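Below: data-v4.txt (compact mmCIF, C-alpha atoms)
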# COMPACT_ATOMS: atom_id res chain seq x y z
CA MET A 1036 7.35 -43.23 75.85
CA GLN A 1037 9.98 -43.73 78.52
CA TRP A 1038 9.78 -46.88 80.65
CA LEU A 1039 10.85 -47.05 84.28
CA LEU A 1040 11.47 -50.69 85.08
CA ARG A 1041 11.69 -52.40 88.46
CA GLN A 1042 12.07 -56.06 89.44
CA LEU A 1043 11.52 -58.24 92.51
CA ASP A 1044 12.67 -61.83 92.97
CA VAL A 1045 9.88 -63.84 94.57
CA GLY A 1046 10.59 -67.00 96.55
CA ARG A 1047 8.53 -70.16 96.23
CA ASP A 1048 6.83 -69.78 99.62
CA PRO A 1049 3.19 -68.64 99.25
CA ALA A 1050 3.91 -66.04 101.98
CA GLU A 1051 5.98 -64.24 99.31
CA VAL A 1052 2.72 -63.08 97.69
CA ARG A 1053 2.20 -60.66 100.59
CA ARG A 1054 5.72 -59.30 100.17
CA ALA A 1055 5.12 -58.83 96.43
CA ARG A 1056 1.92 -56.88 97.12
CA HIS A 1057 3.69 -54.58 99.61
CA TRP A 1058 6.60 -54.07 97.21
CA ALA A 1059 4.25 -53.23 94.33
CA ARG A 1060 2.30 -50.76 96.49
CA ALA A 1061 5.54 -49.05 97.54
CA GLN A 1062 6.66 -48.77 93.90
CA LEU A 1063 3.31 -47.32 92.82
CA ASP A 1064 3.23 -44.83 95.72
CA ALA A 1065 6.89 -43.81 95.34
CA GLY A 1066 6.38 -40.49 93.61
CA PRO A 1067 3.95 -37.98 92.17
CA GLY A 1068 2.01 -38.73 89.00
CA GLY A 1069 1.42 -42.39 89.72
CA PRO A 1070 -1.80 -44.30 89.31
CA ASP A 1071 -4.78 -43.03 91.30
CA ARG A 1072 -5.84 -44.93 94.43
CA ASP A 1073 -8.37 -47.17 92.64
CA GLN A 1074 -5.87 -47.99 89.88
CA ALA A 1075 -3.16 -48.77 92.45
CA ASP A 1076 -5.57 -51.07 94.31
CA THR A 1077 -6.37 -52.84 91.02
CA LEU A 1078 -2.67 -53.21 90.21
CA VAL A 1079 -1.91 -54.67 93.65
CA LEU A 1080 -4.75 -57.17 93.17
CA LEU A 1081 -3.32 -58.09 89.75
CA VAL A 1082 0.13 -58.59 91.33
CA SER A 1083 -1.45 -60.82 93.96
CA GLU A 1084 -3.22 -62.99 91.38
CA LEU A 1085 -0.26 -63.34 89.01
CA VAL A 1086 2.31 -64.04 91.72
CA THR A 1087 -0.03 -66.47 93.49
CA ASN A 1088 -0.53 -68.39 90.25
CA ALA A 1089 3.22 -68.61 89.66
CA VAL A 1090 4.12 -69.69 93.20
CA VAL A 1091 1.22 -72.09 93.79
CA HIS A 1092 1.24 -73.80 90.39
CA THR A 1093 5.02 -74.15 90.03
CA ALA A 1094 6.25 -74.35 93.67
CA ARG A 1095 9.34 -72.53 92.36
CA PRO A 1096 10.67 -68.97 92.62
CA ALA A 1097 9.47 -66.35 90.14
CA VAL A 1098 10.33 -62.81 89.09
CA LEU A 1099 7.88 -59.91 89.30
CA ARG A 1100 8.55 -57.00 86.95
CA LEU A 1101 6.85 -53.63 87.06
CA GLY A 1102 7.06 -51.22 84.13
CA LEU A 1103 5.85 -47.62 84.44
CA ALA A 1104 5.24 -45.76 81.16
CA VAL A 1105 6.03 -42.05 81.36
CA PRO A 1106 5.37 -39.86 78.30
CA GLU A 1107 8.49 -38.29 76.77
CA GLY A 1108 9.09 -34.74 77.94
CA ALA A 1109 6.92 -35.10 81.04
CA GLY A 1110 8.16 -32.65 83.64
CA ALA A 1111 9.72 -33.86 86.86
CA GLU A 1112 8.05 -31.14 88.98
CA GLY A 1113 4.84 -33.03 89.67
CA GLY A 1114 3.85 -33.03 86.00
CA ARG A 1115 5.28 -36.47 85.39
CA ARG A 1116 2.18 -38.62 84.89
CA ILE A 1117 2.31 -42.40 84.58
CA ALA A 1118 0.45 -43.32 81.39
CA ALA A 1119 0.36 -47.09 81.91
CA VAL A 1120 1.67 -49.84 84.14
CA ARG A 1121 2.78 -53.25 82.91
CA LEU A 1122 3.13 -56.19 85.30
CA GLU A 1123 5.00 -59.33 84.36
CA VAL A 1124 5.59 -62.54 86.26
CA VAL A 1125 8.20 -64.91 84.88
CA ASP A 1126 8.34 -68.47 86.17
CA VAL A 1127 10.22 -71.64 85.23
CA SER A 1128 7.20 -73.72 84.24
CA SER A 1129 6.55 -74.27 80.55
CA ARG A 1130 2.92 -75.23 81.28
CA ALA A 1131 0.51 -72.82 79.62
CA PRO A 1132 -1.81 -70.94 81.97
CA VAL A 1133 -5.34 -72.32 82.08
CA ARG A 1134 -8.36 -70.22 82.90
CA ARG A 1135 -10.60 -72.33 85.10
CA SER A 1136 -14.33 -71.99 85.65
CA ALA A 1137 -14.76 -71.85 89.42
CA SER A 1138 -18.12 -72.60 90.99
CA GLY A 1139 -19.56 -70.51 93.79
CA GLU A 1140 -18.17 -72.83 96.47
CA ASP A 1141 -14.62 -73.09 95.09
CA THR A 1142 -11.90 -71.27 97.04
CA GLY A 1143 -9.63 -70.89 94.00
CA GLY A 1144 -9.70 -70.85 90.24
CA ARG A 1145 -10.63 -67.22 89.64
CA GLY A 1146 -7.19 -65.67 89.19
CA LEU A 1147 -6.99 -65.44 85.41
CA GLU A 1148 -10.66 -64.47 85.20
CA LEU A 1149 -9.92 -61.51 87.49
CA VAL A 1150 -6.88 -60.58 85.41
CA GLU A 1151 -9.00 -60.67 82.26
CA LEU A 1152 -11.69 -58.50 83.86
CA LEU A 1153 -9.41 -55.93 85.51
CA ALA A 1154 -6.52 -55.44 83.07
CA ASP A 1155 -6.78 -53.45 79.86
CA ARG A 1156 -4.58 -56.03 78.09
CA TRP A 1157 -2.99 -59.29 79.13
CA GLY A 1158 -1.34 -62.32 77.68
CA TRP A 1159 1.54 -64.74 78.01
CA GLN A 1160 4.41 -66.19 76.05
CA TYR A 1161 6.96 -68.92 76.40
CA GLU A 1162 10.44 -67.95 77.57
CA ALA A 1163 13.68 -69.90 77.20
CA ASP A 1164 13.27 -71.43 80.67
CA GLY A 1165 9.52 -71.11 81.29
CA LYS A 1166 6.89 -68.50 80.57
CA ARG A 1167 6.01 -64.87 81.11
CA ILE A 1168 2.47 -63.75 81.99
CA TRP A 1169 1.84 -60.04 81.65
CA CYS A 1170 -0.95 -57.52 82.02
CA GLU A 1171 -1.28 -53.80 81.51
CA LEU A 1172 -3.43 -51.10 83.02
CA ASP A 1173 -3.83 -47.72 81.35
CA CYS A 1174 -3.56 -45.04 84.02
CA ALA A 1175 -4.61 -41.96 82.08
CA ASP A 1176 -7.72 -40.21 83.37
CA ARG A 1177 -10.34 -42.67 82.13
CA ALA A 1178 -13.13 -40.13 82.22
CA ALA A 1179 -11.19 -37.82 79.90
CA ALA A 1180 -9.97 -40.65 77.70
CA GLY A 1181 -13.42 -42.19 77.23
CA ALA A 1182 -14.16 -45.85 76.72
CA VAL A 1183 -11.46 -48.10 75.34
CA THR A 1184 -12.24 -49.26 71.83
CA GLY A 1185 -11.21 -52.54 70.30
CA ALA A 1186 -8.48 -50.79 68.28
CA GLN A 1187 -7.12 -49.18 71.44
CA GLU A 1188 -6.95 -52.47 73.33
CA THR A 1189 -3.85 -53.57 71.42
CA ALA A 1190 -2.40 -50.11 70.78
CA GLY A 1191 0.89 -49.40 72.49
CA VAL A 1192 1.89 -53.01 73.13
CA SER A 1193 4.73 -52.81 70.60
CA ASP A 1194 6.08 -49.72 72.40
CA ILE A 1195 6.66 -51.65 75.60
CA PRO A 1196 10.21 -52.90 76.13
CA ASP A 1197 11.04 -56.53 76.67
CA MET A 1198 11.44 -56.45 80.44
CA ASN A 1199 13.04 -59.89 80.52
CA ARG A 1200 16.71 -58.94 80.29
CA SER A 1201 17.22 -55.16 80.19
CA SER A 1202 15.52 -51.80 80.36
CA GLU A 1203 16.11 -51.12 76.67
CA PRO A 1204 13.27 -51.70 74.20
CA SER A 1205 13.89 -54.93 72.31
CA GLY A 1206 10.76 -55.67 70.36
CA ALA A 1207 7.15 -56.43 70.94
CA PRO A 1208 6.31 -58.57 73.94
CA GLY A 1209 4.29 -61.58 72.95
CA ALA A 1210 6.01 -61.94 69.60
CA SER A 1211 7.86 -65.08 70.66
CA GLY A 1212 4.96 -67.51 70.89
CA GLY A 1213 2.25 -68.19 73.41
CA GLY A 1214 -0.53 -65.68 73.21
CA LYS A 1215 -3.63 -64.47 74.93
CA VAL A 1216 -5.38 -67.15 76.87
CA PRO A 1217 -8.78 -67.89 75.32
CA ALA A 1218 -11.84 -67.39 77.50
CA ARG A 1219 -12.71 -71.08 77.36
CA TYR A 1220 -10.81 -74.26 76.53
Could you express the structure from this file as structure tokens?
Amino acid sequence: MQWLLRQLDVGRDPAEVRRARHWARAQLDAGPGGPDRDQADTLVLLVSELVTNAVVHTARPAVLRLGLAVPEGAGAEGGRRIAAVRLEVVDVSSRAPVRRSASGEDTGGRGLELVELLADRWGWQYEADGKRIWCELDCADRAAAGAVTGAQETAGVSDIPDMNRSSEPSGAPGASGGGKVPARY
């Protein structure tokens, strides 16, 4: 699998969430073989939730990373199909993410619940100067691929490069601590 990696620095102003959504949409729509419209909408919503969490809960800048998985040997003449998309948001807070239980009247507190429901995989880990929260969406034709099984939910994670420092694969994300956020605390 070949990974195409892109990165956006996000300021601490909550208005930056809108800019991150527009940037992500432009990256996803940049060429043929990308996610379908529904998948792109889901990915933009995931960007919005992850970036909002980072900016609102830390009041500091963050980094949004977008990784596009392209199968080896995929042709460039329209046959280049994105197999998966990985989103990462790195912030400077060492506080672990907390999934809240929002009531019907609450205006916030549903971000991580949405990530859990919409992404095929997600998790977080501590970084040297904070933490990284990531999620992945498989973009293959879901009807042809069938339902995701429990074994498939973690498959492929070790193939994804560490998007923290370079575009070269450097081990399995999540291996450095942290972990998937439990459904309830």
- Item | Given all atoms listed in the file as the counted atoms, nearest of A:Asp1071, A:Val1052, A:Arg1095, A:Leu1081 to Arg1145 in chain A | A:Leu1081
- Task: Please provide as a list in words all residues within 12 Å of Val1090 in chain A, with the sequence filter that same-chain residues fewer than 3 positions apart are discarded (counting all atoms listed in the file).
- Result: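 Those residues are Asp1044, Val1045, Gly1046, Arg1047, Asp1048, Pro1049, Ala1050, Glu1051, Val1052, Arg1053, Ala1055, Val1082, Ser1083, Glu1084, Leu1085, Val1086, Thr1087, Thr1093, Ala1094, Arg1095, Pro1096, Ala1097, Val1098, Leu1099, Val1124, Val1125, Asp1126, Val1127 and Ser1128 of chain A.
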- Nearest residue to Leu1101 in chain A from the set A:Arg1135, A:Arg1116, A:Arg1130, A:Arg1056 (distances using only C-alpha atoms):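 Closest to Leu1101 in chain A, using only C-alpha atoms: A:Arg1056.
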- Task: Measuring atom to atom with all atoms listed in the file, identify which of A:Ala1104, A:Ala1089, A:Val1120, A:Val1133 is nearest to Gly1165 in chain A.
- Result: A:Ala1089
- Which distance in Å separates CA of Ser1138 in chain A and CA of Ala1154 in chain A, to one decimal?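 Distance reported for this atom pair: 22.2 Å.
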